>>> print(open('input14.txt').read())   # compact mmCIF, C-alpha atoms
# COMPACT_ATOMS: atom_id res chain seq x y z
CA MET J 12 3.05 -1.08 -26.62
CA ALA J 13 4.31 0.20 -27.46
CA VAL J 14 6.60 1.64 -29.93
CA ALA J 15 14.11 7.01 -34.43
CA ALA J 16 15.57 9.54 -36.69
CA MET J 17 14.59 8.69 -40.27
CA VAL J 18 11.54 8.18 -42.40
CA VAL J 19 12.28 5.05 -44.44
CA THR J 20 10.73 5.25 -47.89
CA ALA J 21 12.18 2.29 -49.74
CA ALA J 22 12.25 -1.41 -49.01
CA GLY J 23 15.92 -1.66 -49.85
CA GLN J 24 16.76 0.99 -47.27
CA ALA J 25 14.53 -0.63 -44.68
CA LEU J 26 16.38 -3.94 -44.91
CA ALA J 27 19.84 -2.45 -44.48
CA GLY J 28 21.40 -2.08 -41.04
CA PRO J 29 19.79 -1.93 -37.60
CA ALA J 30 16.23 -0.76 -37.00
CA ASP J 31 15.75 2.99 -37.17
CA LEU J 32 12.52 4.09 -35.51
CA ALA J 33 10.78 7.14 -36.94
CA PRO J 34 9.44 9.84 -34.61
CA HIS J 35 5.73 10.00 -35.39
CA ARG J 36 2.21 10.49 -34.14
CA ALA J 37 -0.48 7.98 -35.11
CA VAL J 38 -4.21 8.03 -34.39
CA TYR J 39 -6.35 4.88 -34.51
CA SER J 40 -10.10 4.35 -34.45
CA MET J 41 -10.80 1.60 -31.93
CA GLY J 42 -13.77 -0.76 -32.04
CA LEU J 43 -14.95 -4.04 -30.60
CA SER J 44 -13.58 -6.98 -32.59
CA THR J 45 -14.59 -10.14 -30.70
CA THR J 46 -16.23 -11.09 -27.42
CA LYS J 47 -16.44 -14.31 -25.43
CA PRO J 48 -19.61 -15.57 -23.72
CA GLY J 49 -20.07 -13.84 -20.40
CA SER J 50 -17.91 -10.83 -21.25
CA GLY J 51 -20.85 -8.51 -20.57
CA ILE J 52 -19.71 -6.17 -23.36
CA ALA J 53 -22.15 -5.38 -26.18
CA ALA J 54 -20.14 -2.70 -28.01
CA ALA J 55 -17.03 -0.57 -27.75
CA SER J 56 -15.69 2.40 -29.69
CA GLY J 57 -13.11 5.13 -29.24
CA THR J 58 -9.69 6.35 -30.23
CA MET J 59 -6.06 5.68 -29.45
CA SER J 60 -3.18 8.05 -30.09
CA TYR J 61 0.46 7.01 -30.05
CA GLN J 62 3.30 9.53 -30.11
CA PHE J 63 6.96 8.52 -30.35
CA GLU J 64 9.64 11.20 -30.01
CA ASP J 65 13.43 11.27 -30.14
CA THR J 66 14.70 13.56 -27.35
CA CYS J 67 18.43 13.14 -28.07
CA ASP J 68 19.20 11.36 -24.80
CA GLY J 69 16.23 9.04 -25.04
CA TRP J 70 12.80 8.27 -26.44
CA VAL J 71 9.48 9.59 -25.14
CA VAL J 72 6.26 7.69 -25.78
CA GLU J 73 2.80 9.11 -25.09
CA ASN J 74 -0.04 6.62 -25.47
CA ARG J 75 -3.61 7.81 -24.86
CA ILE J 76 -6.69 5.59 -25.18
CA ALA J 77 -10.35 6.51 -24.66
CA ILE J 78 -12.96 3.77 -25.16
CA THR J 79 -16.69 3.90 -24.46
CA TYR J 80 -18.06 0.47 -23.51
CA ALA J 81 -21.74 -0.46 -23.75
CA TYR J 82 -22.82 -3.41 -21.61
CA THR J 83 -25.26 -6.22 -22.35
CA GLU J 84 -27.20 -5.46 -19.16
CA GLY J 85 -27.50 -1.81 -20.10
CA GLY J 86 -25.53 1.33 -19.44
CA GLN J 87 -22.14 2.45 -20.67
CA ALA J 88 -18.85 3.76 -19.32
CA LEU J 89 -15.90 5.74 -20.65
CA SER J 90 -12.56 4.11 -19.88
CA ALA J 91 -9.43 6.18 -20.48
CA THR J 92 -5.71 5.48 -20.14
CA ASP J 93 -2.82 7.96 -20.26
CA PHE J 94 0.60 6.30 -20.39
CA ILE J 95 3.79 8.36 -20.71
CA THR J 96 7.33 6.96 -20.65
CA TRP J 97 10.94 8.01 -21.18
CA GLU J 98 13.69 5.50 -22.03
CA SER J 99 17.41 6.21 -22.32
CA LYS J 100 19.04 5.31 -25.63
CA ASP J 101 21.43 2.88 -23.98
CA GLY J 102 18.38 0.92 -22.83
CA LEU J 103 19.37 1.03 -19.15
CA HIS J 104 17.12 3.71 -17.63
CA TYR J 105 13.35 4.15 -17.77
CA ARG J 106 10.65 6.40 -16.28
CA PHE J 107 6.91 5.76 -16.45
CA ARG J 108 3.55 7.24 -15.49
CA MET J 109 0.21 5.54 -16.14
CA ARG J 110 -3.28 6.69 -15.12
CA ASN J 111 -6.57 4.88 -15.73
CA THR J 112 -9.94 6.54 -15.29
CA ARG J 113 -13.55 5.37 -15.53
CA ASP J 114 -16.10 8.09 -16.24
CA GLY J 115 -13.52 10.62 -15.07
CA GLN J 116 -12.73 8.91 -11.77
CA VAL J 117 -9.17 7.65 -11.26
CA THR J 118 -9.09 3.86 -10.89
CA GLU J 119 -5.34 3.30 -11.16
CA ASP J 120 -2.36 5.63 -10.85
CA VAL J 121 1.14 4.20 -11.32
CA GLU J 122 4.44 6.08 -11.42
CA GLY J 123 8.09 5.20 -10.99
CA HIS J 124 11.44 4.53 -12.61
CA ALA J 125 13.61 1.52 -13.38
CA ASP J 126 17.29 0.92 -13.97
CA LEU J 127 19.31 -1.98 -15.30
CA LYS J 128 22.86 -2.70 -14.12
CA GLY J 129 24.09 -3.19 -17.68
CA LYS J 130 23.30 -4.78 -21.03
CA GLY J 131 21.83 -8.22 -20.48
CA GLN J 132 21.79 -7.77 -16.72
CA GLY J 133 18.98 -7.42 -14.21
CA GLY J 134 17.98 -4.34 -12.30
CA THR J 135 15.37 -2.69 -10.10
CA ALA J 136 12.02 -0.97 -10.63
CA ARG J 137 10.97 1.54 -8.00
CA PHE J 138 7.34 2.69 -7.79
CA SER J 139 6.36 5.96 -6.12
CA ARG J 140 2.63 5.48 -6.87
CA PRO J 141 0.24 4.08 -5.75
CA GLU J 142 2.67 3.52 -2.87
CA PRO J 143 6.44 3.06 -2.50
CA MET J 144 7.39 -0.37 -3.81
CA THR J 145 10.49 -2.06 -5.23
CA LEU J 146 10.63 -4.90 -7.75
CA ALA J 147 13.64 -6.89 -8.90
CA LEU J 148 14.02 -7.16 -12.66
CA PRO J 149 15.50 -10.46 -13.86
CA LYS J 150 18.61 -10.84 -15.97
CA GLY J 151 17.96 -10.01 -19.61
CA THR J 152 15.06 -7.61 -18.97
CA LEU J 153 14.42 -5.07 -21.74
CA PHE J 154 12.48 -1.81 -21.68
CA PRO J 155 9.82 -1.27 -24.41
CA THR J 156 11.72 0.71 -27.07
CA GLU J 157 14.81 -1.49 -26.76
CA HIS J 158 12.48 -4.46 -27.20
CA THR J 159 10.92 -2.92 -30.33
CA LEU J 160 14.37 -2.23 -31.82
CA ARG J 161 15.51 -5.79 -31.24
CA LEU J 162 12.23 -7.24 -32.46
CA ILE J 163 12.43 -5.38 -35.78
CA ASP J 164 16.14 -6.22 -36.13
CA HIS J 165 15.23 -9.88 -35.63
CA ALA J 166 12.48 -9.65 -38.24
CA GLN J 167 14.85 -7.99 -40.72
CA SER J 168 17.33 -10.83 -40.27
CA GLY J 169 14.62 -13.37 -41.13
CA GLY J 170 13.73 -14.46 -37.59
CA ARG J 171 10.28 -15.93 -37.01
CA SER J 172 10.03 -15.92 -33.21
CA PHE J 173 11.43 -13.66 -30.51
CA TRP J 174 11.14 -14.18 -26.75
CA ARG J 175 12.27 -11.65 -24.14
CA VAL J 176 11.41 -10.37 -20.66
CA VAL J 177 10.03 -6.81 -20.89
CA PHE J 178 9.21 -4.26 -18.19
CA ASP J 179 6.97 -1.33 -19.17
CA GLY J 180 5.59 -0.06 -15.83
CA SER J 181 1.97 -0.29 -16.96
CA GLY J 182 0.94 -1.94 -13.68
CA LEU J 183 2.15 -3.59 -10.51
CA ASP J 184 2.42 -7.09 -12.02
CA GLY J 185 6.07 -6.50 -12.83
CA PRO J 186 7.86 -7.64 -15.99
CA TYR J 187 6.30 -9.82 -18.67
CA GLU J 188 7.65 -12.67 -20.72
CA VAL J 189 6.79 -11.55 -24.24
CA ASN J 190 6.66 -14.18 -26.95
CA ALA J 191 6.51 -12.69 -30.46
CA LEU J 192 5.67 -14.63 -33.62
CA ILE J 193 6.76 -12.90 -36.82
CA GLY J 194 5.02 -13.56 -40.13
CA LYS J 195 6.47 -13.29 -43.61
CA GLN J 196 7.09 -9.71 -44.66
CA SER J 197 4.39 -8.45 -46.98
CA GLN J 198 5.84 -7.14 -50.25
CA ALA J 199 2.60 -5.43 -51.22
CA LEU J 200 2.77 -1.65 -50.98
CA PRO J 201 -0.34 0.54 -50.82
CA ALA J 202 -1.07 2.20 -54.15
CA LYS J 203 -1.50 5.56 -52.45
CA PRO J 204 -0.08 5.43 -48.93
CA VAL J 205 -1.47 8.14 -46.66
CA SER J 206 2.10 8.83 -45.54
CA THR J 207 5.64 8.03 -46.63
CA LEU J 208 5.91 6.38 -43.21
CA LEU J 209 3.80 3.54 -44.68
CA GLY J 210 5.71 3.24 -47.96
CA THR J 211 7.50 0.03 -47.02
CA PRO J 212 6.60 -3.66 -46.69
CA HIS J 213 5.54 -4.73 -43.21
CA TRP J 214 5.53 -7.81 -41.02
CA PRO J 215 2.42 -9.28 -39.38
CA MET J 216 3.34 -9.96 -35.76
CA HIS J 217 1.58 -11.53 -32.79
CA LEU J 218 2.79 -10.84 -29.24
CA ALA J 219 1.67 -12.75 -26.14
CA PHE J 220 2.35 -11.31 -22.67
CA PHE J 221 2.85 -13.64 -19.69
CA PRO J 222 3.46 -12.07 -16.22
CA VAL J 223 6.77 -13.35 -14.83
CA SER J 224 5.15 -13.43 -11.38
CA SER J 225 2.33 -15.75 -12.51
CA PRO J 226 2.53 -19.50 -13.24
CA GLU J 227 -0.39 -19.34 -15.70
CA GLU J 228 0.23 -20.79 -19.15
CA VAL J 229 -2.42 -18.53 -20.71
CA PRO J 230 -1.23 -15.03 -21.65
CA ASN J 231 -2.58 -12.10 -19.70
CA PHE J 232 -2.76 -10.00 -22.87
CA GLU J 233 -2.11 -10.42 -26.59
CA MET J 234 -1.51 -8.00 -29.42
CA SER J 235 -1.40 -8.42 -33.18
CA LEU J 236 -0.06 -5.70 -35.44
CA ALA J 237 1.36 -4.94 -38.85
CA TYR J 238 4.80 -3.45 -38.16
CA HIS J 239 6.77 -1.38 -40.64
CA PRO J 240 10.60 -1.33 -40.36
CA ASN J 241 10.44 2.23 -38.98
CA GLY J 242 8.26 1.15 -36.02
CA VAL J 243 4.94 2.44 -37.35
CA ALA J 244 2.04 0.05 -36.73
CA GLN J 245 -0.43 0.02 -39.62
CA GLU J 246 -3.13 -1.81 -37.67
CA ILE J 247 -3.49 -3.17 -34.15
CA VAL J 248 -5.62 -5.81 -32.42
CA GLN J 249 -5.57 -5.91 -28.61
CA THR J 250 -6.86 -9.15 -27.08
CA PHE J 251 -7.88 -9.27 -23.42
CA LYS J 252 -9.28 -12.17 -21.38
CA SER J 253 -12.86 -11.94 -22.66
CA PHE J 254 -12.84 -9.53 -25.62
CA SER J 255 -10.64 -7.87 -28.22
CA LEU J 256 -10.37 -4.41 -29.75
CA LYS J 257 -9.24 -3.58 -33.27
CA GLY J 258 -7.53 -0.34 -34.17
CA ARG J 259 -7.71 1.10 -37.68
CA LEU J 260 -5.08 3.70 -38.55
CA ASP J 261 -6.81 7.01 -39.27
CA SER J 262 -3.77 9.25 -39.58
CA VAL J 263 -0.01 9.25 -39.12
CA GLU J 264 2.45 12.10 -39.34
CA ALA J 265 6.21 12.29 -39.05
CA LEU J 266 7.54 14.38 -36.17
CA PRO J 267 10.70 16.45 -36.50
CA LYS J 268 13.83 15.22 -34.80
CA ARG J 269 14.93 17.66 -32.14
CA GLY J 270 18.27 19.34 -32.63
CA CYS J 271 20.89 17.62 -30.49
>>> encode(input="input14.txt", output="structure tokens")
Amino acid sequence: MAVAAMVVTAAGQALAGPADLAPHRAVYSMGLSTTKPGSGIAAASGTMSYQFEDTCDGWVVENRIAITYAYTEGGQALSATDFITWESKDGLHYRFRMRNTRDGQVTEDVEGHADLKGKGQGGTARFSRPEPMTLALPKGTLFPTEHTLRLIDHAQSGGRSFWRVVFDGSGLDGPYEVNALIGKQSQALPAKPVSTLLGTPHWPMHLAFFPVSSPEEVPNFEMSLAYHPNGVAQEIVQTFKSFSLKGRLDSVEALPKRGC
């Protein structure tokens, strides 16, 4: 998550034809939503920025998160993630770079590229960091933006669930089975939307991520969001093993489409 040429400003337009993701930059205020016993987390706050650009031959996503965690036993730490990707518009080629830091010290550094043999086929992911490594991608694997396009298309056609294998390069676990549940599209429009990017009904969605390499029946990660037809998320909840974070949209701006 994530996450291209038009700003959709009317519900009638949004429901016609395939999904059209809008280049944009969104900033969210992040805070602690829930914790489970033994999580060790007393509080959390920070920001997340998400930038989606159309680069003619593909899509570039820049996702940056900085969260300060306070712990029940005292002390705090700043956790930051920088995740940058490029995905070809045919959905067959993908490049990724992800870096995690804790109080400025690098804790994880992942980089590589992936290619699929064709639509609906498998492929290969090749990591150059933290060390050379190759992973096979199963038949039907999608990269993130292709997954978002198909998910929104499915929602627009009235679908209520959507399951696919997705590879995003955010770690060494490999691809995930992503099970998405799609709620009924809200017809309520904000009286004064902060941006025309939000001037459409949206779907509440819940995504559960299961590592293909793991036999566990419990998802490794979950995410709930309110998705507009143009790919803008109005709100986000990220659920981890022992706690969850909620993101409130502070600002969103449309980005110009580059001349092609």
>>> closest_residue(input="input14.txt", among="J:Glu84, J:Glu233, J:Glu142, J:Glu119", to="Val189 of chain J", atoms="all atoms listed in the file")
J:Glu233
>>> closest_residue(input="input14.txt", among="J:Leu183, J:Leu218, J:Ala166, J:Ile247", to="Met144 of chain J", atoms="only C-alpha atoms")
J:Leu183
>>> closest_residue(input="input14.txt", among="J:Glu188, J:Arg140, J:Tyr61, J:Asn231", to="Ser253 of chain J", atoms="all atoms listed in the file")
J:Asn231
>>> closest_residue(input="input14.txt", among="J:Phe178, J:Phe221, J:Pro240, J:Met41", to="Arg161 of chain J", atoms="all atoms listed in the file")
J:Pro240
>>> residues_around(input="input14.txt", residues="segment 123-131 of chain J", least_positions_apart="3", cutoff="7 Å", atoms="only C-alpha atoms", output="ChimeraX atom specification")
/J:103-108,134-140,150-152
>>> residues_near_point(input="input14.txt", point="(-8.6, 4.7, -32.0)", cutoff="8 Å", atoms="all atoms listed in the file", output="PyMOL selection string")
chain J and resi 38-42+56-60+76-77+258-261
>>> closest_residue(input="input14.txt", among="J:Gly69, J:Pro141, J:Pro186, J:Pro230", to="Arg110 of chain J", atoms="only C-alpha atoms")
J:Pro141
>>> closest_residue(input="input14.txt", among="J:Gly86, J:Thr45, J:Ala191, J:Ile95", to="Ala219 of chain J", atoms="all atoms listed in the file")
J:Ala191
>>> atom_distance(input="input14.txt", atom1="atom CA of Gln196 of chain J", atom2="atom CA of Thr46 of chain J")
29.0 Å
>>> atom_distance(input="input14.txt", atom1="atom CA of Leu209 of chain J", atom2="atom CA of Val263 of chain J")
8.8 Å
>>> atom_distance(input="input14.txt", atom1="atom CA of Lys252 of chain J", atom2="atom CA of Arg175 of chain J")
21.7 Å
>>> axis_aligned_box(input="input14.txt", around="segment 44-51 of chain J", padding_each_side="4 Å", output="JSON")
{"center_x": -17.2, "center_y": -11.3, "center_z": -26.5, "size_x": 15.3, "size_y": 16.6, "size_z": 20.2}
>>> closest_atom_pairs(input="input14.txt", of="segment 100-186 of chain J", to="segment 210-216 of chain J", cutoff="10 Å", atoms="all atoms listed in the file", output="Markdown table")
| residue | atom | partner | partner_atom | distance |
| --- | --- | --- | --- | --- |
| J:Leu162 | CA | J:Met216 | CA | 9.9 |
| J:Ile163 | CA | J:Trp214 | CA | 9.0 |
| J:Ala166 | CA | J:Trp214 | CA | 7.7 |
| J:Gln167 | CA | J:Trp214 | CA | 9.3 |
| J:Arg171 | CA | J:Met216 | CA | 9.2 |
| J:Ser172 | CA | J:Met216 | CA | 9.3 |
>>> decode(input="input14.txt", residues="segment 77-108 of chain J", atoms="N, CA, C and O atoms", output="short mmCIF file (atom, residue, chain, number, x, y, z; two decimals), in the first residue's frame")
data_model
loop_
_atom_site.label_atom_id
_atom_site.label_comp_id
_atom_site.auth_asym_id
_atom_site.auth_seq_id
_atom_site.Cartn_x
_atom_site.Cartn_y
_atom_site.Cartn_z
N ALA J 77 6.86 8.13 9.37
CA ALA J 77 7.69 8.41 10.54
C ALA J 77 6.79 8.38 11.76
O ALA J 77 5.88 9.22 11.89
N ILE J 78 7.00 7.41 12.66
CA ILE J 78 6.17 7.24 13.84
C ILE J 78 7.06 7.22 15.08
O ILE J 78 8.06 6.50 15.13
N THR J 79 6.69 8.00 16.09
CA THR J 79 7.37 7.94 17.38
C THR J 79 6.53 7.07 18.32
O THR J 79 5.35 7.35 18.55
N TYR J 80 7.16 6.01 18.83
CA TYR J 80 6.49 5.09 19.74
C TYR J 80 6.95 5.35 21.17
O TYR J 80 8.16 5.50 21.42
N ALA J 81 6.01 5.40 22.09
CA ALA J 81 6.32 5.47 23.52
C ALA J 81 5.95 4.11 24.13
O ALA J 81 4.91 3.54 23.80
N TYR J 82 6.81 3.60 25.00
CA TYR J 82 6.64 2.24 25.51
C TYR J 82 6.18 2.24 26.96
O TYR J 82 6.48 3.17 27.72
N THR J 83 5.44 1.19 27.31
CA THR J 83 4.86 1.10 28.65
C THR J 83 5.94 1.03 29.73
O THR J 83 5.71 1.44 30.86
N GLU J 84 7.11 0.53 29.40
CA GLU J 84 8.19 0.42 30.37
C GLU J 84 9.09 1.65 30.36
O GLU J 84 10.13 1.69 31.01
N GLY J 85 8.68 2.66 29.59
CA GLY J 85 9.45 3.89 29.53
C GLY J 85 10.27 4.00 28.26
O GLY J 85 10.60 3.00 27.62
N GLY J 86 10.60 5.22 27.91
CA GLY J 86 11.41 5.46 26.72
C GLY J 86 10.56 5.55 25.46
O GLY J 86 9.36 5.21 25.45
N GLN J 87 11.17 6.01 24.40
CA GLN J 87 10.50 6.12 23.11
C GLN J 87 11.51 5.96 21.99
O GLN J 87 12.72 6.01 22.21
N ALA J 88 10.98 5.72 20.79
CA ALA J 88 11.85 5.52 19.63
C ALA J 88 11.14 6.03 18.39
O ALA J 88 9.91 5.93 18.27
N LEU J 89 11.93 6.58 17.47
CA LEU J 89 11.40 7.04 16.18
C LEU J 89 11.65 5.97 15.13
O LEU J 89 12.80 5.62 14.84
N SER J 90 10.57 5.44 14.57
CA SER J 90 10.66 4.44 13.51
C SER J 90 10.26 5.09 12.19
O SER J 90 9.21 5.72 12.10
N ALA J 91 11.10 4.94 11.19
CA ALA J 91 10.83 5.57 9.89
C ALA J 91 11.00 4.56 8.76
O ALA J 91 11.88 3.69 8.81
N THR J 92 10.14 4.69 7.75
CA THR J 92 10.20 3.84 6.56
C THR J 92 10.14 4.70 5.32
O THR J 92 9.28 5.59 5.21
N ASP J 93 11.04 4.46 4.39
CA ASP J 93 11.02 5.08 3.06
C ASP J 93 10.88 3.96 2.04
O ASP J 93 11.73 3.07 1.98
N PHE J 94 9.82 4.02 1.24
CA PHE J 94 9.52 2.94 0.30
C PHE J 94 9.21 3.57 -1.05
O PHE J 94 8.25 4.33 -1.19
N ILE J 95 10.06 3.31 -2.05
CA ILE J 95 9.91 3.89 -3.38
C ILE J 95 9.83 2.77 -4.41
O ILE J 95 10.66 1.85 -4.39
N THR J 96 8.84 2.86 -5.31
CA THR J 96 8.68 1.82 -6.32
C THR J 96 8.38 2.43 -7.69
O THR J 96 7.89 3.56 -7.80
N TRP J 97 8.68 1.66 -8.73
CA TRP J 97 8.29 1.98 -10.10
C TRP J 97 7.66 0.72 -10.69
O TRP J 97 8.20 -0.39 -10.51
N GLU J 98 6.53 0.89 -11.38
CA GLU J 98 5.83 -0.24 -11.99
C GLU J 98 5.43 0.10 -13.42
O GLU J 98 4.84 1.17 -13.67
N SER J 99 5.77 -0.76 -14.35
CA SER J 99 5.42 -0.51 -15.76
C SER J 99 3.92 -0.60 -15.95
O SER J 99 3.22 -1.33 -15.25
N LYS J 100 3.41 0.15 -16.93
CA LYS J 100 1.97 0.21 -17.13
C LYS J 100 1.37 -1.08 -17.68
O LYS J 100 0.15 -1.27 -17.60
N ASP J 101 2.20 -1.96 -18.21
CA ASP J 101 1.67 -3.26 -18.64
C ASP J 101 1.62 -4.25 -17.48
O ASP J 101 1.18 -5.39 -17.63
N GLY J 102 2.07 -3.80 -16.29
CA GLY J 102 1.99 -4.63 -15.10
C GLY J 102 3.00 -5.77 -15.04
O GLY J 102 2.88 -6.65 -14.18
N LEU J 103 4.03 -5.73 -15.88
CA LEU J 103 4.95 -6.87 -15.97
C LEU J 103 6.33 -6.61 -15.36
O LEU J 103 7.09 -7.56 -15.15
N HIS J 104 6.66 -5.36 -15.08
CA HIS J 104 7.99 -5.02 -14.58
C HIS J 104 7.88 -4.09 -13.38
O HIS J 104 7.02 -3.20 -13.34
N TYR J 105 8.80 -4.27 -12.42
CA TYR J 105 8.66 -3.60 -11.13
C TYR J 105 10.04 -3.41 -10.51
O TYR J 105 10.89 -4.30 -10.56
N ARG J 106 10.28 -2.23 -9.94
CA ARG J 106 11.50 -1.95 -9.19
C ARG J 106 11.13 -1.43 -7.81
O ARG J 106 10.13 -0.69 -7.68
N PHE J 107 11.93 -1.75 -6.80
CA PHE J 107 11.57 -1.37 -5.44
C PHE J 107 12.80 -1.08 -4.60
O PHE J 107 13.87 -1.64 -4.82
N ARG J 108 12.61 -0.18 -3.63
CA ARG J 108 13.65 0.15 -2.65
C ARG J 108 12.96 0.52 -1.34
O ARG J 108 12.11 1.42 -1.32
#
